[in-house]
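Pasting coords_33.txt here (compact mmCIF, C-alpha atoms):
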# COMPACT_ATOMS: atom_id res chain seq x y z
CA MET R 38 -8.21 -1.77 -60.13
CA GLY R 39 -6.22 -4.14 -57.93
CA LEU R 40 -3.95 -1.29 -56.88
CA LEU R 41 -6.94 0.88 -55.89
CA VAL R 42 -8.40 -1.92 -53.78
CA PHE R 43 -5.02 -2.42 -52.08
CA VAL R 44 -4.67 1.32 -51.31
CA ARG R 45 -8.24 1.47 -49.97
CA ASN R 46 -7.68 -1.52 -47.68
CA LEU R 47 -4.37 -0.05 -46.50
CA LEU R 48 -6.06 3.25 -45.60
CA LEU R 49 -8.84 1.44 -43.75
CA ALA R 50 -6.30 -0.58 -41.78
CA LEU R 51 -4.33 2.59 -40.98
CA CYS R 52 -7.49 4.34 -39.73
CA LEU R 53 -8.38 1.37 -37.54
CA PHE R 54 -4.83 1.33 -36.14
CA LEU R 55 -5.02 5.04 -35.29
CA VAL R 56 -8.41 4.64 -33.57
CA LEU R 57 -7.19 1.71 -31.47
CA GLY R 58 -4.01 3.60 -30.61
CA PHE R 59 -6.02 6.60 -29.46
CA LEU R 60 -8.27 4.44 -27.29
CA TYR R 61 -5.27 2.71 -25.71
CA TYR R 62 -3.56 6.04 -25.02
CA SER R 63 -6.75 7.47 -23.49
CA ALA R 64 -7.15 4.45 -21.19
CA TRP R 65 -3.51 4.75 -20.09
CA LYS R 66 -3.90 8.47 -19.29
CA LEU R 67 -7.08 7.76 -17.34
CA HIS R 68 -5.22 5.12 -15.30
CA LEU R 69 -2.64 7.71 -14.27
CA LEU R 70 -5.15 10.48 -13.59
CA GLN R 71 -7.38 8.31 -11.43
CA TRP R 72 -4.96 8.51 -8.53
CA GLU R 73 -2.99 11.67 -9.40
CA ASP R 74 -6.05 13.94 -9.43
CA SER R 75 -7.31 14.93 -5.98
CA ASN R 76 -9.44 18.03 -6.44
CA SER R 77 -12.48 17.20 -4.36
CA VAL R 78 -13.90 14.38 -2.25
CA VAL R 79 -17.49 13.32 -1.76
CA LEU R 80 -18.59 11.46 1.35
CA SER R 81 -21.98 9.83 1.79
CA PHE R 82 -23.74 9.78 5.16
CA ASP R 83 -27.02 8.32 6.29
CA SER R 84 -29.60 10.30 8.24
CA ALA R 85 -27.94 9.37 11.54
CA GLY R 86 -24.62 10.75 10.39
CA GLN R 87 -22.92 7.36 9.95
CA THR R 88 -20.83 6.65 6.89
CA LEU R 89 -22.43 4.27 4.41
CA GLY R 90 -20.09 1.33 4.94
CA SER R 91 -21.68 -1.04 2.43
CA GLU R 92 -20.74 1.08 -0.59
CA ARG R 93 -17.56 2.64 0.86
CA MET R 94 -17.25 4.69 -2.29
CA ALA R 95 -13.85 3.29 -3.34
CA LEU R 96 -12.83 4.35 0.02
CA VAL R 97 -9.64 5.56 0.50
CA THR R 98 -8.35 8.30 2.70
CA LEU R 99 -9.40 9.01 6.25
CA TRP R 100 -8.97 12.68 6.95
CA ARG R 101 -10.08 15.02 9.74
CA ILE R 102 -12.67 17.23 8.03
CA HIS R 103 -12.29 20.99 8.41
CA ASP R 104 -15.34 23.15 9.04
CA LYS R 105 -13.84 25.50 6.49
CA GLY R 106 -13.81 24.42 2.86
CA THR R 107 -16.87 22.19 3.16
CA ARG R 108 -20.51 22.49 2.22
CA GLN R 109 -23.55 20.25 2.53
CA ASP R 110 -25.78 19.31 -0.40
CA THR R 111 -28.97 17.33 -0.36
CA GLY R 112 -28.72 13.92 -1.98
CA LYS R 113 -31.22 11.07 -1.93
CA ALA R 114 -33.88 11.04 0.75
CA GLY R 115 -32.35 10.51 4.17
CA GLN R 116 -28.79 11.22 3.02
CA ARG R 117 -26.40 14.14 3.20
CA LEU R 118 -23.53 14.69 0.83
CA LEU R 119 -20.55 16.38 2.40
CA ILE R 120 -18.31 17.84 -0.29
CA VAL R 121 -14.78 18.57 0.78
CA ASN R 122 -12.57 20.95 -1.20
CA PRO R 123 -9.23 21.01 0.61
CA GLU R 124 -6.26 22.96 -0.73
CA TYR R 125 -3.38 21.00 -2.19
CA ASP R 126 0.12 21.91 -3.19
CA ARG R 127 1.49 21.13 -6.66
CA LEU R 128 2.39 17.57 -5.63
CA GLY R 129 -1.01 16.75 -4.19
CA PHE R 130 -0.20 17.08 -0.48
CA LEU R 131 -2.78 18.75 1.73
CA LEU R 132 -1.51 22.18 2.70
CA LYS R 133 -3.27 21.73 6.02
CA LEU R 134 -2.78 18.15 7.14
CA ASP R 135 -5.96 17.83 9.15
CA SER R 136 -8.70 16.65 6.83
CA LYS R 137 -10.77 13.50 7.22
CA LEU R 138 -12.06 10.99 4.72
CA PHE R 139 -11.62 9.46 1.36
CA SER R 140 -9.32 9.76 -1.62
CA LYS R 141 -9.02 8.06 -5.00
CA PRO R 142 -7.51 4.72 -6.06
CA ALA R 143 -3.77 4.28 -6.57
CA PRO R 144 -2.03 1.25 -8.10
CA MET R 145 -0.69 -1.18 -5.51
CA PHE R 146 2.64 -1.81 -7.22
CA LEU R 147 5.11 0.05 -9.40
CA ASP R 148 4.84 -0.68 -13.10
CA ASP R 149 6.87 0.41 -16.10
CA SER R 150 5.21 3.86 -16.14
CA PHE R 151 6.54 4.69 -12.67
CA ARG R 152 8.58 7.69 -13.89
CA LYS R 153 5.41 9.53 -14.88
CA TRP R 154 3.96 9.66 -11.35
CA ALA R 155 4.74 13.12 -9.99
CA ARG R 156 3.61 12.26 -6.47
CA ILE R 157 6.53 9.86 -5.97
CA ARG R 158 9.05 11.14 -8.50
CA GLU R 159 9.95 14.22 -6.46
CA PHE R 160 10.86 12.41 -3.23
CA VAL R 161 13.65 10.08 -2.17
CA PRO R 162 12.82 6.82 -0.33
CA PRO R 163 10.80 6.02 1.64
CA PHE R 164 8.35 8.62 0.29
CA GLY R 165 9.27 8.33 -3.37
CA ILE R 166 11.63 6.93 -5.99
CA LYS R 167 13.96 9.84 -6.71
CA GLY R 168 17.40 8.52 -7.58
CA GLN R 169 16.17 4.94 -7.98
CA ASP R 170 15.10 5.01 -11.62
CA ASN R 171 17.80 2.72 -12.99
CA LEU R 172 17.46 0.16 -10.20
CA ILE R 173 13.67 0.04 -10.49
CA LYS R 174 13.82 -0.18 -14.28
CA ALA R 175 16.27 -3.08 -14.03
CA ILE R 176 14.04 -4.90 -11.53
CA LEU R 177 10.82 -4.40 -13.51
CA SER R 178 12.48 -5.51 -16.74
CA VAL R 179 12.89 -8.95 -15.16
CA THR R 180 9.76 -9.28 -13.00
CA LYS R 181 7.45 -8.10 -15.82
CA GLU R 182 4.36 -8.39 -13.57
CA TYR R 183 2.84 -5.32 -11.91
CA ARG R 184 -0.58 -6.36 -10.60
CA LEU R 185 -2.24 -9.00 -8.48
CA THR R 186 -3.17 -12.35 -10.00
CA PRO R 187 -5.70 -12.38 -12.87
CA ALA R 188 -8.25 -14.10 -10.60
CA LEU R 189 -7.97 -11.39 -7.93
CA ASP R 190 -7.94 -8.57 -10.48
CA SER R 191 -11.20 -9.87 -11.94
CA LEU R 192 -13.11 -9.81 -8.64
CA SER R 193 -15.93 -7.27 -8.54
CA CYS R 194 -15.59 -7.00 -4.76
CA ARG R 195 -12.27 -7.62 -3.02
CA ARG R 196 -12.26 -8.48 0.68
CA CYS R 197 -8.85 -7.92 2.24
CA ILE R 198 -7.33 -8.47 5.67
CA ILE R 199 -4.03 -7.20 7.04
CA VAL R 200 -2.66 -9.66 9.59
CA GLY R 201 -0.44 -7.90 12.12
CA ASN R 202 2.09 -9.61 14.34
CA GLY R 203 0.65 -8.64 17.72
CA GLY R 204 0.28 -11.02 20.65
CA VAL R 205 -3.41 -10.15 20.70
CA LEU R 206 -3.81 -12.76 17.92
CA ALA R 207 -2.81 -15.63 20.21
CA ASN R 208 -5.53 -18.06 21.31
CA LYS R 209 -8.28 -16.32 19.33
CA SER R 210 -8.83 -19.21 16.87
CA LEU R 211 -9.36 -16.78 13.98
CA GLY R 212 -7.49 -18.87 11.40
CA SER R 213 -10.46 -20.01 9.33
CA ARG R 214 -12.03 -16.54 9.43
CA ILE R 215 -8.78 -14.95 8.21
CA ASP R 216 -8.46 -17.51 5.39
CA ASP R 217 -11.97 -16.61 4.21
CA TYR R 218 -10.77 -13.24 2.88
CA ASP R 219 -9.84 -12.89 -0.80
CA ILE R 220 -6.51 -11.20 -0.03
CA VAL R 221 -4.52 -12.00 3.10
CA VAL R 222 -1.60 -9.64 3.71
CA ARG R 223 1.19 -10.59 6.12
CA LEU R 224 4.09 -8.47 7.28
CA ASN R 225 7.82 -9.11 7.48
CA SER R 226 8.85 -12.49 8.90
CA ALA R 227 5.73 -13.33 10.92
CA PRO R 228 5.43 -17.14 10.66
CA VAL R 229 2.38 -19.12 9.62
CA LYS R 230 3.44 -22.74 10.12
CA GLY R 231 2.50 -23.93 13.58
CA PHE R 232 0.13 -21.01 14.18
CA GLU R 233 -2.57 -21.79 11.61
CA LYS R 234 -5.36 -22.10 14.19
CA ASP R 235 -4.96 -18.46 15.20
CA VAL R 236 -3.52 -16.75 12.11
CA GLY R 237 -4.71 -18.91 9.21
CA SER R 238 -2.70 -20.63 6.51
CA LYS R 239 -3.38 -18.43 3.49
CA THR R 240 -0.98 -15.71 2.35
CA THR R 241 -1.62 -13.58 -0.72
CA LEU R 242 0.97 -10.85 -0.17
CA ARG R 243 3.93 -10.74 2.18
CA ILE R 244 5.16 -7.16 2.45
CA THR R 245 8.60 -6.57 3.88
CA TYR R 246 11.93 -4.78 3.61
CA PRO R 247 15.41 -6.38 3.64
CA GLU R 248 15.97 -6.41 7.41
CA GLY R 249 12.44 -7.70 8.04
CA ALA R 250 12.38 -10.46 5.42
CA MET R 251 12.46 -14.14 6.32
CA GLN R 252 16.05 -15.36 6.15
CA ARG R 253 15.35 -19.08 5.72
CA PRO R 254 13.95 -19.97 2.26
CA GLU R 255 11.83 -22.83 3.65
CA GLN R 256 9.76 -20.33 5.66
CA TYR R 257 8.21 -18.73 2.57
CA GLU R 258 4.70 -19.66 1.48
CA ARG R 259 4.51 -21.26 -1.94
CA ASP R 260 1.50 -19.38 -3.36
CA SER R 261 2.18 -15.80 -2.29
CA LEU R 262 3.60 -12.65 -3.83
CA PHE R 263 6.74 -11.13 -2.32
CA VAL R 264 6.35 -7.35 -2.04
CA LEU R 265 9.20 -4.96 -1.23
CA ALA R 266 8.45 -1.82 0.76
CA GLY R 267 11.46 0.36 -0.03
CA PHE R 268 12.34 2.53 2.97
CA LYS R 269 15.86 3.46 1.79
CA TRP R 270 17.87 3.33 -1.42
CA GLN R 271 19.72 0.20 -0.27
CA ASP R 272 16.42 -1.68 -0.24
CA PHE R 273 15.99 -1.34 -4.00
CA LYS R 274 19.60 -2.40 -4.54
CA TRP R 275 18.94 -5.46 -2.36
CA LEU R 276 15.86 -6.39 -4.40
CA LYS R 277 17.92 -6.18 -7.58
CA TYR R 278 20.39 -8.66 -6.05
CA ILE R 279 17.47 -10.97 -5.19
CA VAL R 280 15.79 -10.76 -8.60
CA TYR R 281 19.02 -11.27 -10.52
CA LYS R 282 20.18 -13.93 -8.03
CA GLU R 283 23.35 -11.99 -7.33
CA ARG R 284 25.41 -12.09 -4.15
CA VAL R 285 24.01 -9.82 -1.43
CA SER R 286 26.67 -7.67 0.16
CA ALA R 287 26.49 -7.22 3.93
CA SER R 288 28.29 -3.89 3.61
CA ASP R 289 25.47 -2.12 1.78
CA GLY R 290 24.24 -0.12 4.76
CA PHE R 291 21.71 -2.50 6.34
CA TRP R 292 21.19 -2.08 10.09
CA LYS R 293 20.99 -5.86 10.69
CA SER R 294 21.53 -9.06 8.76
CA VAL R 295 19.31 -9.50 5.72
CA ALA R 296 18.03 -12.38 3.62
CA THR R 297 20.47 -13.42 0.90
CA ARG R 298 17.92 -15.42 -1.04
CA VAL R 299 14.15 -15.28 -1.56
CA PRO R 300 12.66 -18.46 -3.08
CA LYS R 301 10.40 -16.60 -5.49
CA GLU R 302 10.63 -16.36 -9.26
CA PRO R 303 10.79 -12.81 -10.68
CA PRO R 304 7.09 -12.77 -11.77
CA GLU R 305 6.15 -13.39 -8.11
CA ILE R 306 7.95 -10.25 -6.91
CA ARG R 307 6.46 -6.74 -6.69
CA ILE R 308 7.52 -3.26 -5.55
CA LEU R 309 5.00 -1.54 -3.29
CA ASN R 310 3.94 1.87 -4.56
CA PRO R 311 5.82 4.36 -2.28
CA TYR R 312 2.79 6.63 -2.49
CA PHE R 313 1.21 4.60 0.33
CA ILE R 314 4.14 5.34 2.65
CA GLN R 315 3.90 8.99 1.70
CA GLU R 316 0.14 9.21 2.13
CA ALA R 317 0.09 7.29 5.41
CA ALA R 318 2.80 9.52 6.89
CA PHE R 319 1.77 13.00 5.81
CA THR R 320 -1.89 12.94 4.79
CA LEU R 321 -3.40 10.35 7.12
CA ILE R 322 -1.36 10.13 10.32
CA GLY R 323 0.03 13.65 10.09
CA LEU R 324 3.69 12.90 10.83
CA PRO R 325 6.36 15.61 10.47
CA PHE R 326 7.12 16.39 6.82
CA ASN R 327 10.84 17.11 7.41
CA ASN R 328 11.30 18.37 3.83
CA GLY R 329 10.24 14.98 2.50
CA LEU R 330 13.17 13.17 4.13
CA MET R 331 13.29 10.33 6.64
CA GLY R 332 13.58 11.83 10.11
CA ARG R 333 12.67 11.38 13.73
CA GLY R 334 9.13 10.08 14.18
CA ASN R 335 7.98 10.49 10.58
CA ILE R 336 8.07 6.92 9.24
CA PRO R 337 4.78 4.98 9.41
CA THR R 338 4.91 1.37 10.49
CA LEU R 339 4.52 -1.27 7.82
CA GLY R 340 1.13 -2.15 9.29
CA SER R 341 -0.27 1.35 8.69
CA VAL R 342 1.26 1.39 5.21
CA ALA R 343 -0.42 -1.93 4.39
CA VAL R 344 -3.77 -0.64 5.66
CA THR R 345 -3.40 2.46 3.46
CA MET R 346 -2.63 0.25 0.46
CA ALA R 347 -5.67 -1.93 1.16
CA LEU R 348 -7.97 1.08 1.47
CA HIS R 349 -7.02 1.99 -2.10
CA GLY R 350 -7.34 -1.47 -3.62
CA CYS R 351 -10.03 -3.32 -1.66
CA ASP R 352 -13.78 -2.98 -1.19
CA GLU R 353 -13.72 -4.34 2.36
CA VAL R 354 -10.77 -4.06 4.75
CA ALA R 355 -10.19 -5.84 8.04
CA VAL R 356 -7.22 -6.10 10.38
CA ALA R 357 -6.17 -8.62 13.00
CA GLY R 358 -3.22 -8.64 15.35
CA PHE R 359 -2.97 -4.84 15.54
CA GLY R 360 -2.49 -2.81 18.70
CA TYR R 361 -0.10 -2.72 21.67
CA ASP R 362 -1.57 -2.45 25.16
CA MET R 363 1.17 -0.82 27.19
CA SER R 364 -0.91 -1.17 30.38
CA THR R 365 -0.19 -4.93 30.32
CA PRO R 366 3.63 -5.14 30.31
CA ASN R 367 3.63 -8.93 30.77
CA ALA R 368 1.38 -9.62 27.77
CA PRO R 369 3.09 -11.21 24.72
CA LEU R 370 4.37 -8.65 22.24
CA HIS R 371 4.04 -10.97 19.23
CA TYR R 372 1.93 -14.08 18.73
CA TYR R 373 4.95 -16.20 17.79
CA GLU R 374 7.46 -15.50 20.57
CA THR R 375 7.74 -15.02 24.34
CA VAL R 376 8.99 -11.42 24.30
CA ARG R 377 6.76 -9.28 26.52
CA MET R 378 5.08 -5.92 25.92
CA ALA R 379 7.52 -4.28 28.32
CA ALA R 380 10.27 -4.85 25.73
CA ILE R 381 8.92 -2.04 23.54
CA LYS R 382 11.19 0.96 23.61
CA GLU R 383 10.57 4.42 22.27
CA SER R 384 11.01 4.28 18.51
CA TRP R 385 13.21 6.79 16.73
CA THR R 386 11.39 6.43 13.43
CA HIS R 387 7.77 5.69 14.38
CA ASN R 388 5.09 7.56 16.32
CA ILE R 389 3.04 4.68 17.74
CA GLN R 390 0.54 6.92 19.54
CA ARG R 391 -0.31 8.94 16.43
CA GLU R 392 -0.74 5.75 14.42
CA LYS R 393 -3.02 4.32 17.08
CA GLU R 394 -5.22 7.41 16.89
CA PHE R 395 -5.36 7.09 13.11
CA LEU R 396 -6.39 3.42 13.26
CA GLN R 397 -8.93 4.10 16.00
CA LYS R 398 -10.61 6.67 13.76
CA LEU R 399 -10.80 4.13 10.94
CA VAL R 400 -12.41 1.57 13.25
CA LYS R 401 -14.81 4.08 14.80
CA ALA R 402 -15.94 5.25 11.35
CA ARG R 403 -16.38 1.60 10.35
CA VAL R 404 -13.97 2.02 7.46
CA ILE R 405 -12.04 -1.04 8.69
CA THR R 406 -12.99 -3.93 10.96
CA ASP R 407 -10.70 -4.98 13.81
CA LEU R 408 -11.18 -8.73 14.34
CA THR R 409 -9.02 -8.86 17.47
CA SER R 410 -10.27 -5.59 19.05
CA GLY R 411 -6.71 -4.54 19.87
CA ILE R 412 -6.71 -1.05 18.36

Hey, can you dump this file as structure tokens for me?
Amino acid sequence: MGLLVFVRNLLLALCLFLVLGFLYYSAWKLHLLQWEDSNSVVLSFDSAGQTLGSERMALVTLWRIHDKGTRQDTGKAGQRLLIVNPEYDRLGFLLKLDSKLFSKPAPMFLDDSFRKWARIREFVPPFGIKGQDNLIKAILSVTKEYRLTPALDSLSCRRCIIVGNGGVLANKSLGSRIDDYDIVVRLNSAPVKGFEKDVGSKTTLRITYPEGAMQRPEQYERDSLFVLAGFKWQDFKWLKYIVYKERVSASDGFWKSVATRVPKEPPEIRILNPYFIQEAAFTLIGLPFNNGLMGRGNIPTLGSVAVTMALHGCDEVAVAGFGYDMSTPNAPLHYYETVRMAAIKESWTHNIQREKEFLQKLVKARVITDLTSGI
């Protein structure tokens, strides 16, 4: 009798284990499919034709809508539903890069399932991770953290702001308003200390690449996550040096001096999902595809990449310090230095005008809010 009871309990435990395993596997697959699948997009409009900003519908991709491939359905009273069915290639790129609004969520940072994401696996940096598997695996095996903080992940509504480095931020006294957001994203080496009145004192994420990172350890904020945006294969190699506290070699192909130390522990370090660079460049801004390789005028600025990331992960998105007014050559280029607007030269990698048009569309559609009115 004792043996029968033991066998029965063992079978019950085995069944429970299989059920839990199936549920876990299903949840994992759903996580991947949520941002891989892009078959159709639904946009909600009020009777005046304005997008319903309060619900933003998980927001995410601003496209120029084609007359072809769309149809209107009747929704609730006073609303129209515009259903967009654009054509995609096997990797999820729009075959015609001229559509207009909203996509599905994508994870902010790479996690240990990064090899399964077809959208980034097929492309080399900056648009993907091809050739970087071993470096990324080595980095993630030490950092072991792939999300925001538990407190931020638990928020039912995340309000985010991307703080640009533009001189338009100076003397606006927006510091307290910026600090009021749940997530404050800063870019490259833009300083906070000494400029708190205008730019705030809170930093949640600092997104950068090796040449743009702060070089003095004392400049880093204590309670922020350090996020690498990998624009070339050397960037991932550099992050491995940083995480493992190895000596950074100046001969690794960097175009200027880079930080040799970042005062962050491995769990405070993340790798930005390259999908946002890819989507910003080809789907949103419409930069040249160039066979998926870095080329002239097809690299989005870090600001546009950060906005794209926020549109996937936040319920409300604002920007401050964005926009260059070339009609005022004597205006300050950045809020933290005396360099003037006239110092801007034509960029080999960026298309500033196309990015400006993209951001202007986001502001006009009320998808993002521009606190400094510089876009």

Residues near region 323-333 of chain R, anyone? I mean within 6 Å using all atoms listed in the file, not counting same-chain ones fewer than 5 positions away, as a compact mmCIF listing (two decimals) with C-alpha atoms, in the frame of the given file.
# COMPACT_ATOMS: atom_id res chain seq x y z
CA ALA R 318 2.80 9.52 6.89
CA TRP R 385 13.21 6.79 16.73
CA THR R 386 11.39 6.43 13.43

### Message
List the spatial neighbours of Ser191 (chain R) as an NGL selection string - criterion: any atom at most 12 Å away, all atoms listed in the file, same-chain residues fewer than 6 positions off excluded.
### Response
:R and (184-185 or 219)

### Between CA of Val280 (chain R) and CA of Ile157 (chain R), distance in Å (one decimal)
22.8 Å

### Task
Kindly provide, as an MDAnalysis selection string, the polymer residues lying within 6 Å of (2.9, -1.1, -4.4), counting all atoms listed in the file and using the coordinates exactly as they appear in the file.
chainID R and resid 145:147 308:310

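If you count only C-alpha atoms and draw a sphere of 9 Å around (17.8, -14.0, -1.5), the protein and nucleic acid residues inside it come out as Gln252, Pro254, Trp275, Leu276, Tyr278, Ile279, Val280, Lys282, Glu283, Arg284, Val285, Val295, Ala296, Thr297, Arg298, Val299, Pro300 and Lys301 of chain R.
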
Output C-alpha atoms for every residue in the selection just made, as an mmCIF file, in the frame of the given file.
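Output below, filename part27.cif:
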data_model
loop_
_atom_site.group_PDB
_atom_site.id
_atom_site.type_symbol
_atom_site.label_atom_id
_atom_site.label_comp_id
_atom_site.auth_asym_id
_atom_site.auth_seq_id
_atom_site.Cartn_x
_atom_site.Cartn_y
_atom_site.Cartn_z
ATOM 1 C CA GLN R 252 16.050 -15.360 6.150
ATOM 2 C CA PRO R 254 13.950 -19.970 2.260
ATOM 3 C CA TRP R 275 18.940 -5.460 -2.360
ATOM 4 C CA LEU R 276 15.860 -6.390 -4.400
ATOM 5 C CA TYR R 278 20.390 -8.660 -6.050
ATOM 6 C CA ILE R 279 17.470 -10.970 -5.190
ATOM 7 C CA VAL R 280 15.790 -10.760 -8.600
ATOM 8 C CA LYS R 282 20.180 -13.930 -8.030
ATOM 9 C CA GLU R 283 23.350 -11.990 -7.330
ATOM 10 C CA ARG R 284 25.410 -12.090 -4.150
ATOM 11 C CA VAL R 285 24.010 -9.820 -1.430
ATOM 12 C CA VAL R 295 19.310 -9.500 5.720
ATOM 13 C CA ALA R 296 18.030 -12.380 3.620
ATOM 14 C CA THR R 297 20.470 -13.420 0.900
ATOM 15 C CA ARG R 298 17.920 -15.420 -1.040
ATOM 16 C CA VAL R 299 14.150 -15.280 -1.560
ATOM 17 C CA PRO R 300 12.660 -18.460 -3.080
ATOM 18 C CA LYS R 301 10.400 -16.600 -5.490
#

### Summary
Counting all atoms listed in the file, the residue among R:Lys174, R:Lys398, R:Lys393, R:Arg307 that lies closest to Arg243 (chain R) is R:Arg307

### Query
Could you work out how far CA of Leu172 (chain R) lies from CA of Leu348 (chain R), giving the answer in Å with one decimal?
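Between CA of Leu348 (chain R) and CA of Leu172 (chain R) the gap is 28.0 Å.
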
### Message
So that I can check the surroundings of Gln397 (chain R), please list as number ranges by chain every protein, DNA and RNA residue that reaches within 12 Å of it, counting all atoms listed in the file and ignoring chain neighbours fewer than 2 positions away.
### Response
R: 99, 322, 341, 356, 359-360, 390-395, 399-407, 410-412

Serialized selection, C-alpha atoms, as an mmCIF file, keeping the file's coordinate frame:
data_model
loop_
_atom_site.group_PDB
_atom_site.id
_atom_site.type_symbol
_atom_site.label_atom_id
_atom_site.label_comp_id
_atom_site.auth_asym_id
_atom_site.auth_seq_id
_atom_site.Cartn_x
_atom_site.Cartn_y
_atom_site.Cartn_z
ATOM 1 C CA LEU R 99 -9.400 9.010 6.250
ATOM 2 C CA ILE R 322 -1.360 10.130 10.320
ATOM 3 C CA SER R 341 -0.270 1.350 8.690
ATOM 4 C CA VAL R 356 -7.220 -6.100 10.380
ATOM 5 C CA PHE R 359 -2.970 -4.840 15.540
ATOM 6 C CA GLY R 360 -2.490 -2.810 18.700
ATOM 7 C CA GLN R 390 0.540 6.920 19.540
ATOM 8 C CA ARG R 391 -0.310 8.940 16.430
ATOM 9 C CA GLU R 392 -0.740 5.750 14.420
ATOM 10 C CA LYS R 393 -3.020 4.320 17.080
ATOM 11 C CA GLU R 394 -5.220 7.410 16.890
ATOM 12 C CA PHE R 395 -5.360 7.090 13.110
ATOM 13 C CA LEU R 399 -10.800 4.130 10.940
ATOM 14 C CA VAL R 400 -12.410 1.570 13.250
ATOM 15 C CA LYS R 401 -14.810 4.080 14.800
ATOM 16 C CA ALA R 402 -15.940 5.250 11.350
ATOM 17 C CA ARG R 403 -16.380 1.600 10.350
ATOM 18 C CA VAL R 404 -13.970 2.020 7.460
ATOM 19 C CA ILE R 405 -12.040 -1.040 8.690
ATOM 20 C CA THR R 406 -12.990 -3.930 10.960
ATOM 21 C CA ASP R 407 -10.700 -4.980 13.810
ATOM 22 C CA SER R 410 -10.270 -5.590 19.050
ATOM 23 C CA GLY R 411 -6.710 -4.540 19.870
ATOM 24 C CA ILE R 412 -6.710 -1.050 18.360
#

### Query
Distance CA of Pro247 (chain R)-CA of Ala379 (chain R), one decimal place?
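Taking CA of Pro247 (chain R) as the start and CA of Ala379 (chain R) as the end point, the length is 26.0 Å.
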